[in-house]
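Data from target07.txt: compact mmCIF, C-alpha atoms
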# COMPACT_ATOMS: atom_id res chain seq x y z
CA MET A 7 -12.70 8.13 -3.34
CA SER A 8 -11.96 11.71 -2.44
CA ALA A 9 -8.51 13.16 -2.74
CA ALA A 10 -6.53 13.38 0.46
CA PRO A 11 -6.27 16.90 1.80
CA ASN A 12 -3.06 18.80 1.37
CA ASP A 13 -1.54 18.06 4.75
CA GLY A 14 1.74 19.89 4.28
CA ARG A 15 3.77 16.81 3.52
CA LEU A 16 5.94 16.41 0.44
CA ARG A 17 4.12 14.43 -2.23
CA LEU A 18 6.01 11.46 -3.61
CA THR A 19 5.27 9.70 -6.88
CA ILE A 20 6.98 6.36 -7.36
CA LEU A 21 7.70 5.45 -10.96
CA GLY A 22 8.39 1.76 -11.52
CA GLY A 23 8.50 -0.72 -14.35
CA TYR A 24 10.64 -3.52 -15.64
CA LEU A 25 14.07 -3.01 -17.15
CA GLY A 26 13.81 -1.18 -20.44
CA SER A 27 10.18 -0.19 -20.03
CA GLY A 28 11.01 3.44 -20.83
CA LYS A 29 10.82 5.06 -17.40
CA THR A 30 13.42 7.74 -18.05
CA THR A 31 12.03 8.59 -21.48
CA TRP A 32 8.52 8.92 -20.08
CA LEU A 33 9.63 10.96 -17.07
CA ARG A 34 11.79 13.24 -19.18
CA HIS A 35 8.82 14.07 -21.37
CA LYS A 36 6.49 14.57 -18.40
CA LEU A 37 8.98 16.94 -16.77
CA PHE A 38 9.22 18.84 -20.03
CA GLU A 39 5.41 19.13 -20.05
CA GLY A 40 5.48 20.32 -16.46
CA ALA A 41 3.41 17.42 -15.20
CA PHE A 42 5.21 17.30 -11.86
CA GLY A 43 5.83 21.01 -11.42
CA SER A 44 9.32 21.71 -10.20
CA ALA A 45 9.77 18.32 -8.65
CA GLN A 46 12.86 16.94 -7.01
CA ILE A 47 13.86 13.85 -8.93
CA LEU A 48 15.48 10.78 -7.42
CA VAL A 49 16.76 8.15 -9.79
CA ASN A 50 17.74 4.71 -8.60
CA GLU A 51 19.98 2.65 -10.84
CA ALA A 52 20.64 -0.94 -9.88
CA ALA A 53 23.80 -0.88 -11.95
CA GLU A 54 26.87 1.12 -10.99
CA THR A 55 26.90 3.33 -14.07
CA PRO A 56 24.15 5.94 -13.97
CA VAL A 57 23.46 7.80 -17.19
CA ASP A 58 19.97 9.11 -16.62
CA ASP A 59 21.12 12.23 -14.83
CA THR A 60 22.19 13.93 -18.02
CA LEU A 61 18.78 13.28 -19.54
CA LEU A 62 16.70 14.45 -16.60
CA SER A 63 18.60 17.20 -14.83
CA ALA A 64 17.66 19.98 -17.26
CA GLN A 65 13.96 19.92 -16.30
CA ALA A 66 14.06 19.13 -12.60
CA ALA A 67 14.31 21.33 -9.52
CA GLY A 68 17.02 18.99 -8.32
CA LEU A 69 18.30 15.56 -9.14
CA THR A 70 19.74 12.91 -6.87
CA MET A 71 21.25 9.73 -8.25
CA LEU A 72 21.18 6.58 -6.17
CA SER A 73 23.41 4.08 -7.88
CA GLY A 74 24.93 0.83 -6.81
CA GLY A 75 21.90 -0.92 -5.37
CA CYS A 76 18.22 -1.38 -5.89
CA ALA A 77 16.20 0.88 -3.57
CA CYS A 78 13.83 -1.88 -2.46
CA CYS A 79 16.65 -4.01 -1.04
CA THR A 80 20.41 -3.32 -1.01
CA GLY A 81 20.00 0.37 -1.77
CA LYS A 82 17.21 1.00 0.73
CA ALA A 83 19.42 2.79 3.26
CA ASP A 84 20.72 5.13 0.55
CA LEU A 85 17.17 5.92 -0.54
CA VAL A 86 16.01 6.65 3.00
CA ALA A 87 19.07 8.86 3.59
CA ALA A 88 18.46 10.78 0.35
CA LEU A 89 14.78 11.33 1.15
CA ARG A 90 15.62 12.42 4.69
CA ALA A 91 18.10 14.92 3.26
CA LEU A 92 15.36 16.37 1.02
CA CYS A 93 12.97 16.61 3.99
CA ASP A 94 15.66 18.24 6.07
CA LEU A 95 16.42 20.79 3.36
CA ARG A 96 12.74 21.62 2.94
CA SER A 97 12.09 22.01 6.65
CA ARG A 98 14.85 24.65 6.83
CA GLN A 99 13.16 26.73 4.14
CA PRO A 100 10.30 29.10 4.95
CA ALA A 101 7.05 27.82 3.44
CA ASP A 102 6.84 30.62 0.88
CA GLN A 103 10.38 30.06 -0.37
CA ARG A 104 10.22 26.35 -0.98
CA SER A 105 11.26 25.47 -4.49
CA SER A 106 9.57 22.11 -4.59
CA GLU A 107 6.60 20.40 -2.98
CA GLN A 108 6.96 17.06 -4.69
CA ILE A 109 9.38 14.28 -5.40
CA VAL A 110 9.40 11.79 -8.22
CA LEU A 111 11.36 8.61 -7.56
CA GLU A 112 12.33 6.66 -10.64
CA THR A 113 13.04 3.18 -9.36
CA SER A 114 15.40 0.70 -10.91
CA GLY A 115 13.87 -1.80 -13.30
CA LEU A 116 14.50 -4.55 -10.77
CA ALA A 117 12.68 -2.85 -7.90
CA ASP A 118 9.37 -3.78 -6.33
CA PRO A 119 7.71 -0.35 -6.05
CA ALA A 120 5.44 -1.58 -3.25
CA ALA A 121 8.49 -2.51 -1.16
CA ILE A 122 9.85 1.00 -1.63
CA ALA A 123 6.54 2.56 -0.58
CA THR A 124 6.63 0.33 2.50
CA ALA A 125 10.18 1.34 3.39
CA ILE A 126 9.17 5.01 3.26
CA ARG A 127 6.04 4.52 5.34
CA GLU A 128 7.91 2.52 7.96
CA ASP A 129 10.62 5.13 8.44
CA GLY A 130 9.72 7.23 11.47
CA ILE A 131 10.99 10.50 10.04
CA LEU A 132 9.87 10.06 6.45
CA ALA A 133 6.35 9.08 7.48
CA HIS A 134 5.92 12.54 9.00
CA HIS A 135 7.19 14.40 5.96
CA ILE A 136 6.31 12.41 2.87
CA ARG A 137 3.03 11.19 1.46
CA VAL A 138 3.16 8.57 -1.28
CA VAL A 139 0.52 9.84 -3.71
CA GLU A 140 0.79 7.45 -6.63
CA LEU A 141 2.54 4.29 -7.80
CA ILE A 142 2.95 4.48 -11.57
CA VAL A 143 4.22 1.39 -13.36
CA LEU A 144 5.34 1.33 -16.99
CA VAL A 145 4.94 -1.77 -19.13
CA ASP A 146 6.80 -2.22 -22.41
CA VAL A 147 4.23 -3.71 -24.80
CA LEU A 148 6.96 -4.93 -27.16
CA HIS A 149 8.36 -7.21 -24.48
CA ALA A 150 5.30 -7.69 -22.28
CA THR A 151 4.46 -11.19 -23.52
CA GLU A 152 7.92 -12.49 -22.79
CA GLN A 153 8.35 -10.62 -19.49
CA LEU A 154 4.96 -11.40 -18.00
CA GLY A 155 5.38 -15.03 -18.99
CA ALA A 156 8.78 -15.46 -17.41
CA GLU A 157 9.47 -12.78 -14.81
CA GLU A 158 7.49 -12.78 -11.61
CA LEU A 159 8.87 -9.34 -10.77
CA SER A 160 7.18 -7.83 -13.83
CA ARG A 161 3.84 -9.12 -12.48
CA ILE A 162 4.56 -7.91 -8.94
CA GLN A 163 5.28 -4.43 -10.27
CA ILE A 164 1.96 -4.34 -12.14
CA GLU A 165 -0.01 -5.64 -9.17
CA ALA A 166 1.27 -2.80 -7.00
CA ALA A 167 0.39 0.03 -9.40
CA ASP A 168 -2.25 2.73 -9.07
CA ARG A 169 -1.68 3.67 -12.71
CA ILE A 170 -0.22 1.51 -15.45
CA ILE A 171 1.19 3.07 -18.60
CA LEU A 172 1.81 0.85 -21.61
CA THR A 173 4.87 2.19 -23.43
CA LYS A 174 5.94 1.80 -27.07
CA ALA A 175 2.24 1.43 -27.80
CA ASP A 176 2.68 2.31 -31.49
CA ALA A 177 5.21 -0.48 -32.03
CA VAL A 178 2.80 -3.42 -31.93
CA PRO A 179 -0.39 -4.36 -33.81
CA ASP A 180 -3.70 -3.44 -32.14
CA THR A 181 -4.47 -7.10 -31.53
CA LEU A 182 -1.35 -7.50 -29.37
CA LEU A 183 -1.92 -4.16 -27.66
CA ALA A 184 -5.47 -5.26 -26.78
CA LYS A 185 -4.12 -8.54 -25.41
CA VAL A 186 -1.60 -6.73 -23.21
CA VAL A 187 -4.34 -4.39 -21.94
CA ALA A 188 -6.53 -7.40 -21.05
CA THR A 189 -3.64 -9.19 -19.33
CA VAL A 190 -2.60 -6.18 -17.30
CA ALA A 191 -6.23 -5.52 -16.33
CA ARG A 192 -6.51 -9.07 -15.03
CA LEU A 193 -3.30 -8.73 -13.00
CA ASN A 194 -4.45 -5.44 -11.47
CA PRO A 195 -8.16 -4.79 -11.98
CA ALA A 196 -8.11 -1.63 -9.89
CA ALA A 197 -5.41 0.31 -11.71
CA VAL A 198 -6.01 2.96 -14.34
CA ILE A 199 -4.52 1.77 -17.65
CA GLU A 200 -3.10 4.27 -20.13
CA ALA A 201 -0.66 4.12 -23.02
CA ALA A 202 2.16 6.32 -24.24
CA VAL A 203 4.67 6.70 -27.03
CA LYS A 204 7.90 8.39 -25.90
CA GLY A 205 6.02 10.03 -23.06
CA GLN A 206 3.13 11.29 -25.18
CA LYS A 207 -0.33 9.98 -24.51
CA PHE A 208 -1.52 7.25 -26.88
CA VAL A 209 -5.28 6.76 -27.06
CA LEU A 210 -6.45 3.24 -26.32
CA ASP A 211 -9.94 3.58 -27.80
CA ASN A 212 -11.33 1.18 -30.38
CA LEU A 213 -9.08 -1.74 -29.60
CA PRO A 214 -10.37 -5.13 -30.76
CA ALA A 215 -11.75 -7.50 -28.11
CA ALA A 216 -9.03 -9.72 -26.69
CA ASP A 217 -8.57 -12.35 -24.01
CA PRO A 218 -5.76 -12.04 -21.46
CA MET A 219 -2.61 -14.07 -22.08
CA ALA A 220 -2.44 -17.44 -20.39
CA LEU A 221 0.36 -16.75 -17.92
CA PRO A 222 2.30 -19.72 -16.56
CA GLN A 223 2.15 -20.44 -12.85
CA MET A 224 4.88 -18.99 -10.65
CA SER A 225 5.85 -19.55 -7.03
CA GLY A 226 3.10 -22.13 -6.70
CA ASN A 227 0.40 -19.47 -6.96
CA SER A 228 -1.30 -18.65 -10.23
CA ALA A 229 -4.69 -17.57 -8.93
CA PRO A 230 -5.70 -14.30 -10.57
CA VAL A 231 -5.86 -11.11 -8.53
CA THR A 232 -9.48 -10.16 -8.01
CA PRO A 233 -10.96 -6.98 -6.57
CA THR A 234 -13.81 -7.08 -4.08
CA ARG A 235 -15.71 -4.09 -2.74
CA ILE A 236 -17.34 -4.59 0.63
CA ASP A 237 -19.86 -2.33 2.28
CA ILE A 238 -19.16 -2.46 5.98
CA SER A 239 -22.35 -2.50 8.03
CA PRO A 240 -22.89 0.46 10.38
CA GLU A 241 -22.83 -2.07 13.23
CA VAL A 242 -19.12 -2.66 12.64
CA ASP A 243 -17.13 -0.05 14.52
CA TRP A 244 -13.52 0.97 13.89
CA ALA A 245 -12.26 -1.10 16.84
CA THR A 246 -13.78 -4.26 15.41
CA PHE A 247 -12.67 -3.53 11.89
CA SER A 248 -9.11 -2.59 12.81
CA VAL A 249 -8.60 -5.71 14.94
CA TRP A 250 -10.02 -7.87 12.16
CA LEU A 251 -8.02 -6.18 9.38
CA SER A 252 -4.77 -6.32 11.33
CA ALA A 253 -5.24 -10.08 11.75
CA LEU A 254 -6.17 -10.50 8.09
CA LEU A 255 -3.12 -8.58 6.86
CA HIS A 256 -0.85 -10.53 9.18
CA ALA A 257 -2.22 -13.87 7.97
CA ARG A 258 -2.74 -13.02 4.29
CA GLY A 259 -0.82 -9.83 3.55
CA HIS A 260 1.22 -11.47 0.80
CA ASP A 261 -1.96 -12.34 -1.08
CA LEU A 262 -3.81 -9.10 -0.44
CA VAL A 263 -2.09 -6.77 -2.84
CA ARG A 264 -4.11 -3.67 -1.95
CA VAL A 265 -6.68 -2.60 0.61
CA LYS A 266 -8.28 0.81 0.17
CA GLY A 267 -11.23 2.59 1.61
CA VAL A 268 -12.68 5.18 3.94
CA PHE A 269 -13.83 4.19 7.43
CA GLU A 270 -15.87 6.30 9.84
CA THR A 271 -14.28 6.71 13.29
CA PRO A 272 -15.14 8.86 16.33
CA ALA A 273 -12.51 11.37 15.12
CA GLY A 274 -13.86 11.52 11.55
CA PRO A 275 -13.53 9.57 8.27
CA LEU A 276 -10.18 7.80 7.92
CA LEU A 277 -8.52 7.12 4.58
CA LEU A 278 -7.15 3.60 4.82
CA GLN A 279 -4.56 2.28 2.36
CA ALA A 280 -2.43 -0.86 2.49
CA VAL A 281 -0.02 -2.44 0.04
CA ARG A 282 0.44 -6.07 0.97
CA LYS A 283 1.24 -6.19 4.72
CA SER A 284 2.08 -2.52 4.97
CA VAL A 285 -0.60 -0.07 6.08
CA GLN A 286 -0.07 3.61 5.37
CA PRO A 287 -0.69 5.77 8.46
CA PRO A 288 -4.44 6.49 8.09
CA GLU A 289 -5.33 10.07 7.21
CA LEU A 290 -8.29 11.93 8.64
CA LEU A 291 -10.37 13.41 5.85
CA PRO A 292 -12.71 16.38 6.09
CA PRO A 293 -16.23 14.86 6.39
CA GLU A 294 -17.57 16.91 3.48
CA ALA A 295 -14.89 15.53 1.13
CA VAL A 296 -15.95 11.94 1.60
CA GLN A 297 -18.68 10.34 -0.45
CA ARG A 298 -18.23 6.63 0.12
CA GLN A 299 -17.64 5.78 3.72
CA ASN A 300 -17.28 2.31 5.19
CA GLN A 301 -16.79 0.88 1.74
CA ILE A 302 -13.51 -1.01 1.51
CA VAL A 303 -11.89 -2.47 -1.59
CA PHE A 304 -9.79 -5.63 -1.25
CA ILE A 305 -7.59 -6.66 -4.17
CA GLY A 306 -5.90 -10.00 -3.82
CA ARG A 307 -5.74 -13.65 -4.70
CA GLY A 308 -6.67 -16.95 -3.17
CA TYR A 309 -9.57 -15.85 -0.99
CA ASP A 310 -13.32 -16.13 -1.32
CA PRO A 311 -14.78 -12.61 -1.28
CA ALA A 312 -17.88 -13.87 0.57
CA ASP A 313 -15.62 -15.05 3.40
CA LEU A 314 -14.54 -11.47 4.10
CA THR A 315 -18.13 -10.41 4.70
CA SER A 316 -19.10 -13.44 6.77
CA SER A 317 -15.97 -13.22 8.89
CA ILE A 318 -16.68 -9.60 9.81
CA ALA A 319 -20.36 -10.38 10.40
CA ASN A 320 -19.52 -13.24 12.76
CA LEU A 321 -17.14 -11.10 14.73
CA THR A 322 -19.82 -8.43 15.07
CA HIS A 323 -22.80 -10.57 15.97
CA GLU A 324 -21.45 -13.43 18.06
CA MET B 15 18.80 11.24 13.91
CA MET B 16 15.97 13.49 14.98
CA CYS B 17 13.87 15.38 12.53
CA ASN B 18 14.55 19.09 12.96
CA ALA B 19 11.04 20.05 11.89
CA CYS B 20 8.81 17.96 14.07
CA GLY B 21 11.25 16.48 16.58
CA PHE B 22 9.90 13.00 16.19
CA PRO B 23 12.61 10.40 16.37
CA THR B 24 10.10 7.59 16.70
CA ARG B 25 7.65 5.96 14.36
CA PRO B 26 4.12 7.28 14.39
CA GLY B 27 1.67 5.11 16.35
CA HIS B 28 0.44 1.84 14.95
CA TRP B 29 -2.15 2.44 12.25
CA THR B 30 -4.89 0.81 14.33
CA ASP B 31 -4.48 3.63 16.88
CA ALA B 32 -5.79 6.15 14.35
CA GLY B 33 -9.28 7.54 14.75
CA ALA B 34 -9.07 8.29 18.47
CA ASP B 35 -8.04 11.87 19.13
CA THR B 36 -8.84 12.35 22.77
CA ALA B 37 -7.53 10.44 25.79
CA GLY B 38 -11.06 9.17 26.46
CA ASP B 39 -11.46 7.94 22.88
CA ARG B 40 -8.10 6.18 23.07
CA LEU B 41 -9.05 4.40 26.29
CA ARG B 42 -12.44 3.36 24.91
CA LEU B 43 -10.79 2.13 21.70
CA GLN B 44 -8.24 0.11 23.66
CA MET B 45 -10.91 -1.55 25.84
CA ARG B 46 -13.14 -2.26 22.89
CA ARG B 47 -10.29 -3.72 20.83
CA ALA B 48 -9.30 -6.03 23.67
CA LYS B 49 -12.89 -7.32 23.70
CA ILE B 50 -12.86 -7.97 19.94
CA LEU B 51 -9.39 -9.46 20.14
CA ASN B 52 -10.63 -11.95 22.72
CA LYS B 53 -13.47 -13.03 20.43
CA ILE B 54 -10.88 -14.05 17.85
CA LEU B 55 -8.30 -15.45 20.23
CA LYS B 56 -10.43 -17.44 22.67
CA GLY B 57 -10.63 -20.43 20.31
CA TYR B 58 -6.86 -20.64 20.41
CA GLY B 59 -6.54 -20.54 24.20
CA PHE B 60 -5.31 -16.95 24.37
CA SER B 61 -6.74 -13.99 26.21
CA ALA B 62 -5.79 -10.33 25.87
CA ARG B 63 -6.31 -7.27 28.05
CA PRO B 64 -5.00 -3.70 28.15
CA PRO B 65 -1.78 -3.72 30.19
CA GLY B 66 -3.15 -1.07 32.55
CA HIS B 67 -0.72 1.63 31.47
CA GLY B 68 0.05 2.93 27.98
CA PRO B 69 -0.86 1.33 24.68
CA GLY B 70 -0.71 -2.29 23.66
CA PHE B 71 -1.97 -5.55 25.11
CA ALA B 72 -1.06 -8.19 27.66
CA LEU B 73 -1.45 -11.54 25.93
CA SER B 74 -1.92 -14.59 28.15
CA SER B 75 -1.52 -17.98 26.57
CA PHE B 76 -2.87 -21.43 27.39
CA SER B 77 0.44 -22.15 29.12
CA GLY B 78 -0.27 -19.40 31.64
CA ARG B 79 2.47 -17.16 30.30
CA THR B 80 1.70 -13.46 29.82
CA THR B 81 3.53 -11.32 27.26
CA LEU B 82 3.33 -7.52 27.02
CA LEU B 83 3.01 -6.41 23.42
CA PRO B 84 3.07 -2.85 22.02
CA ASP B 85 0.35 -3.13 19.36
CA LEU B 86 -2.01 -5.45 17.49
CA GLU B 87 0.62 -6.37 14.92
CA ALA B 88 2.86 -7.64 17.72
CA VAL B 89 -0.09 -9.64 19.12
CA TRP B 90 -0.57 -11.50 15.83
CA ILE B 91 3.16 -12.13 15.48
CA GLU B 92 3.36 -13.54 19.03
CA ALA B 93 0.23 -15.66 18.56
CA GLU B 94 1.70 -17.10 15.36
CA ARG B 95 4.98 -17.80 17.13
CA GLN B 96 3.23 -19.76 19.87
CA LEU B 97 0.70 -21.53 17.63
CA GLY B 98 3.06 -22.30 14.78
CA HIS B 99 0.65 -20.75 12.27
CA PRO B 100 -1.02 -17.36 11.86
CA VAL B 101 -4.53 -16.64 13.15
CA ASP B 102 -6.45 -16.29 9.89
CA PRO B 103 -9.84 -14.51 10.02
CA LEU B 104 -10.77 -16.37 6.82
CA ASP B 105 -10.34 -19.73 8.56
CA PRO B 106 -13.66 -21.67 8.43
CA ARG B 107 -14.03 -21.27 12.18
CA PHE B 108 -14.56 -17.54 11.58
CA THR B 109 -16.49 -17.68 8.31
CA GLY B 110 -18.55 -20.87 8.67
CA VAL B 111 -21.41 -19.81 10.93
CA ALA B 112 -22.63 -16.98 8.75
CA LYS B 113 -22.57 -19.26 5.71
CA GLU B 114 -24.98 -21.63 7.43
CA THR B 115 -27.39 -18.87 8.34
CA THR B 116 -27.39 -17.10 4.97
Can I see the file as structure tokens?
Amino acid sequence: MSAAPNDGRLRLTILGGYLGSGKTTWLRHKLFEGAFGSAQILVNEAAETPVDDTLLSAQAAGLTMLSGGCACCTGKADLVAALRALCDLRSRQPADQRSSEQIVLETSGLADPAAIATAIREDGILAHHIRVVELIVLVDVLHATEQLGAEELSRIQIEAADRIILTKADAVPDTLLAKVVATVARLNPAAVIEAAVKGQKFVLDNLPAADPMALPQMSGNSAPVTPTRIDISPEVDWATFSVWLSALLHARGHDLVRVKGVFETPAGPLLLQAVRKSVQPPELLPPEAVQRQNQIVFIGRGYDPADLTSSIANLTHE
Amino acid sequence: MMCNACGFPTRPGHWTDAGADTAGDRLRLQMRRAKILNKILKGYGFSARPPGHGPGFALSSFSGRTTLLPDLEAVWIEAERQLGHPVDPLDPRFTGVAKETT
């Protein structure tokens, strides 16, 4: 898929991962490397005693601490207010004097990063000013077996990610590392999987073959998440597709973790992205930047991929 | 609170409204969507039409009641409320025919 054009909005990277997965360590190193330019950093601590600010503030353009509530639930209002304040500050600055064009939000270890992305997209003001560019989720390989086996949240975080980074990758034997890679790939087949040690890239080549862990069932639903790519026939117009997809997301949004693709409309190609029931405002792409149009990827559980195709075909032909 | 840069206090339009830049495109999209919506809803005793002014749909149910709804999402929520279950495009009634012919 082509990159979205620079549309003038602030770019937001959401950094998630279970408690103790090494988010601050990783981010601190990335800021030191300059990976996020002079980004504004927001750190959400679920606990009342933030300590990360001392670690991060040296490298960032600005740092805001959000403590006393997880940003995907009790702390959501604080997060929205903090992001609005950053947007407000930026909009008062002339374009050539802006110190920062991106934000990195380090979520609390108990947050669902997809819920945070949804809260931002559903806020009328933030949707005009902020584009969520990537959901990065860190996974601690030392504790992955225990966490993925027992904590549904750790699976939800992985399912939502665009990029998964396995941390403490040097602390376990290759056989276990390979098993974690296979397990994470099964939970989220569409995400890019990387590894790191204290923020530095750790190469995952030459790992032995391994099967995913057998994860116990949770919440009555243990079906694996599977990705399906569907070529939409040229006969299916945007009106048909959007009505169909809106119904599908309403009925099955909890089981459709991601929907991504580019759809041709009378106004031009639209970049379409959804996380569970939440659809990001579609972005018009320059026609020349788009290679794969009307090809939509569905990532979810508990549906028969062939049903997607036949359902659209029936709606088109009947 | 109004944004001082763009002046938008409201949410952007529903995502399904994307892809239609001109007034003519928007009208065509609205008419066409109502037609598609009716294909899905007719089996449940609903019918939908553009309300005649502005965006959204007028949803008439089997009971004869008509509800004005701002967007497609609201249509599915209202249909679920009246039916007691969501309208699922992967229900066999929507997927079955093609399976028999392929």
My list of candidates is A:Asp102, A:Asp146, A:Glu112, A:Asp84. Which is closest to Ala125 (chain A) when distances are computed with all atoms listed in the file?
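That would be A:Asp84, the residue with the smallest distance to Ala125 (chain A).
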Looking at B:Leu97, B:Leu41, B:Val89, B:Ile50, which one is nearest to chain A, with distances taken over only C-alpha atoms?
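Looking at the shortest contact to chain A, the residue is B:Ile50.
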Among listed residues A:Leu132, A:Ala273, A:Ala83, A:Ala150, nearest chain B (using all atoms listed in the file):
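Among A:Leu132, A:Ala273, A:Ala83, A:Ala150, it is A:Ala273 that comes nearest to chain B.
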Go through chain A residue by residue and, counting all atoms listed in the file, keep those with an atom at most 6 Å from chain B; for each kept residue give the shortest atom pair and its distance in Å to one decimal, ordered by chain and increasing number, as a tab-separated table.
residue	atom	partner	partner_atom	distance
A:Ser97	CA	B:Ala19	CA	5.7
A:Gly130	CA	B:Arg25	CA	3.8
A:Ala245	CA	B:Arg47	CA	5.2
A:Thr246	CA	B:Ile50	CA	5.9
A:Ser248	CA	B:Thr30	CA	5.6
A:Leu254	CA	B:Pro103	CA	5.8
A:Ala257	CA	B:Asp102	CA	5.2
A:Thr271	CA	B:Gly33	CA	5.3
A:Ala273	CA	B:Gly33	CA	5.0
A:Pro287	CA	B:Trp29	CA	5.3
A:Asp313	CA	B:Thr109	CA	5.6
A:Ser316	CA	B:Thr109	CA	5.2
A:Ser317	CA	B:Thr109	CA	4.5
Quick one: residues within 8 Å of Gly70 (chain B), only C-alpha atoms, excluding same-chain residues fewer than 3 positions away - as an MDAnalysis selection string?
chainID B and resid 44 64:65 82:86
Atom pair CA of Ala93 (chain B) / CA of Phe60 (chain B): separation (Å)
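Taking CA of Ala93 (chain B) as the start and CA of Phe60 (chain B) as the end point, the length is 8.1 Å.
Take CA of Ile305 (chain A) and CA of Phe269 (chain A): the distance between them is 17.1 Å.
If you look at CA of Pro311 (chain A) and CA of Thr234 (chain A), they are 6.3 Å away from each other.
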Distance cut-off 7 Å, centre (0.6, -8.2, -8.1) in file coordinates, counting only C-alpha atoms: which residues qualify? Return them as a ChimeraX atom specification.
/A:161-166,193-194,263
Contacts of Asp180 (chain A) at 9 Å (all atoms listed in the file; same-chain gap of 4+ positions) as a short mmCIF file (atom, residue, chain, number, x, y, z; two decimals) with C-alpha atoms, in the frame of the given file:
data_model
loop_
_atom_site.label_atom_id
_atom_site.label_comp_id
_atom_site.auth_asym_id
_atom_site.auth_seq_id
_atom_site.Cartn_x
_atom_site.Cartn_y
_atom_site.Cartn_z
CA ALA A 175 2.24 1.43 -27.80
CA ASP A 176 2.68 2.31 -31.49
CA ALA A 184 -5.47 -5.26 -26.78
CA LYS A 185 -4.12 -8.54 -25.41
CA LEU A 213 -9.08 -1.74 -29.60
CA PRO A 214 -10.37 -5.13 -30.76
#
Which residue, A:Ala67, A:Ala88, A:Leu154, A:Val249, has the smallest gap to Phe38 (chain A) when you use all atoms listed in the file?
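The closest residue to Phe38 (chain A) is A:Ala67.
Residue nearest Leu21 (chain A) within the list A:His35, A:His134, A:Arg169, A:Arg104: A:Arg169 [criterion: smallest interatomic distance, all atoms listed in the file].
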Excluding Thr113 (chain A) and its own-chain neighbours fewer than 5 positions away, which residues fall within 9 Å of it when counting all atoms listed in the file? Please give them as a ChimeraX atom specification.
/A:20-23,29,48-52,76-78,118-119,122
Include C-alpha atoms and write out the residues we just selected as an mmCIF file, in the coordinates of the input.
data_model
loop_
_atom_site.group_PDB
_atom_site.id
_atom_site.type_symbol
_atom_site.label_atom_id
_atom_site.label_comp_id
_atom_site.auth_asym_id
_atom_site.auth_seq_id
_atom_site.Cartn_x
_atom_site.Cartn_y
_atom_site.Cartn_z
ATOM 1 C CA ILE A 20 6.980 6.360 -7.360
ATOM 2 C CA LEU A 21 7.700 5.450 -10.960
ATOM 3 C CA GLY A 22 8.390 1.760 -11.520
ATOM 4 C CA GLY A 23 8.500 -0.720 -14.350
ATOM 5 C CA LYS A 29 10.820 5.060 -17.400
ATOM 6 C CA LEU A 48 15.480 10.780 -7.420
ATOM 7 C CA VAL A 49 16.760 8.150 -9.790
ATOM 8 C CA ASN A 50 17.740 4.710 -8.600
ATOM 9 C CA GLU A 51 19.980 2.650 -10.840
ATOM 10 C CA ALA A 52 20.640 -0.940 -9.880
ATOM 11 C CA CYS A 76 18.220 -1.380 -5.890
ATOM 12 C CA ALA A 77 16.200 0.880 -3.570
ATOM 13 C CA CYS A 78 13.830 -1.880 -2.460
ATOM 14 C CA ASP A 118 9.370 -3.780 -6.330
ATOM 15 C CA PRO A 119 7.710 -0.350 -6.050
ATOM 16 C CA ILE A 122 9.850 1.000 -1.630
#
For Val285 (chain A), list every protein, DNA or RNA residue within 9 Å, evaluated using only C-alpha atoms, and leave out those in the same chain fewer than 4 positions away; present the list as a list in words.
Thr124, Arg127, Leu255, Val265, Leu278, Gln279, Ala280 and Val281 of chain A; Trp29 of chain B
Can you fill out region 74-82 of chain B with N, CA and C atoms and hand it back as an mmCIF file, in the frame of the given file?
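Saved as rebuild-v5.cif:
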data_model
loop_
_atom_site.group_PDB
_atom_site.id
_atom_site.type_symbol
_atom_site.label_atom_id
_atom_site.label_comp_id
_atom_site.auth_asym_id
_atom_site.auth_seq_id
_atom_site.Cartn_x
_atom_site.Cartn_y
_atom_site.Cartn_z
ATOM 1 N N SER B 74 -2.148 -13.399 27.318
ATOM 2 C CA SER B 74 -1.920 -14.590 28.150
ATOM 3 C C SER B 74 -2.218 -15.819 27.319
ATOM 4 N N SER B 75 -1.341 -16.792 27.396
ATOM 5 C CA SER B 75 -1.520 -17.980 26.570
ATOM 6 C C SER B 75 -2.033 -19.139 27.411
ATOM 7 N N PHE B 76 -2.389 -20.207 26.732
ATOM 8 C CA PHE B 76 -2.870 -21.430 27.390
ATOM 9 C C PHE B 76 -1.858 -21.975 28.391
ATOM 10 N N SER B 77 -0.584 -21.628 28.195
ATOM 11 C CA SER B 77 0.440 -22.150 29.120
ATOM 12 C C SER B 77 0.518 -21.319 30.391
ATOM 13 N N GLY B 78 -0.279 -20.242 30.445
ATOM 14 C CA GLY B 78 -0.270 -19.400 31.640
ATOM 15 C C GLY B 78 0.726 -18.251 31.546
ATOM 16 N N ARG B 79 1.486 -18.218 30.451
ATOM 17 C CA ARG B 79 2.470 -17.160 30.300
ATOM 18 C C ARG B 79 1.816 -15.883 29.773
ATOM 19 N N THR B 80 2.231 -14.734 30.311
ATOM 20 C CA THR B 80 1.700 -13.460 29.820
ATOM 21 C C THR B 80 2.825 -12.638 29.185
ATOM 22 N N THR B 81 2.530 -12.113 27.980
ATOM 23 C CA THR B 81 3.530 -11.320 27.260
ATOM 24 C C THR B 81 2.956 -9.928 27.016
ATOM 25 N N LEU B 82 3.755 -8.895 27.306
ATOM 26 C CA LEU B 82 3.330 -7.520 27.020
ATOM 27 C C LEU B 82 3.725 -7.160 25.601
#
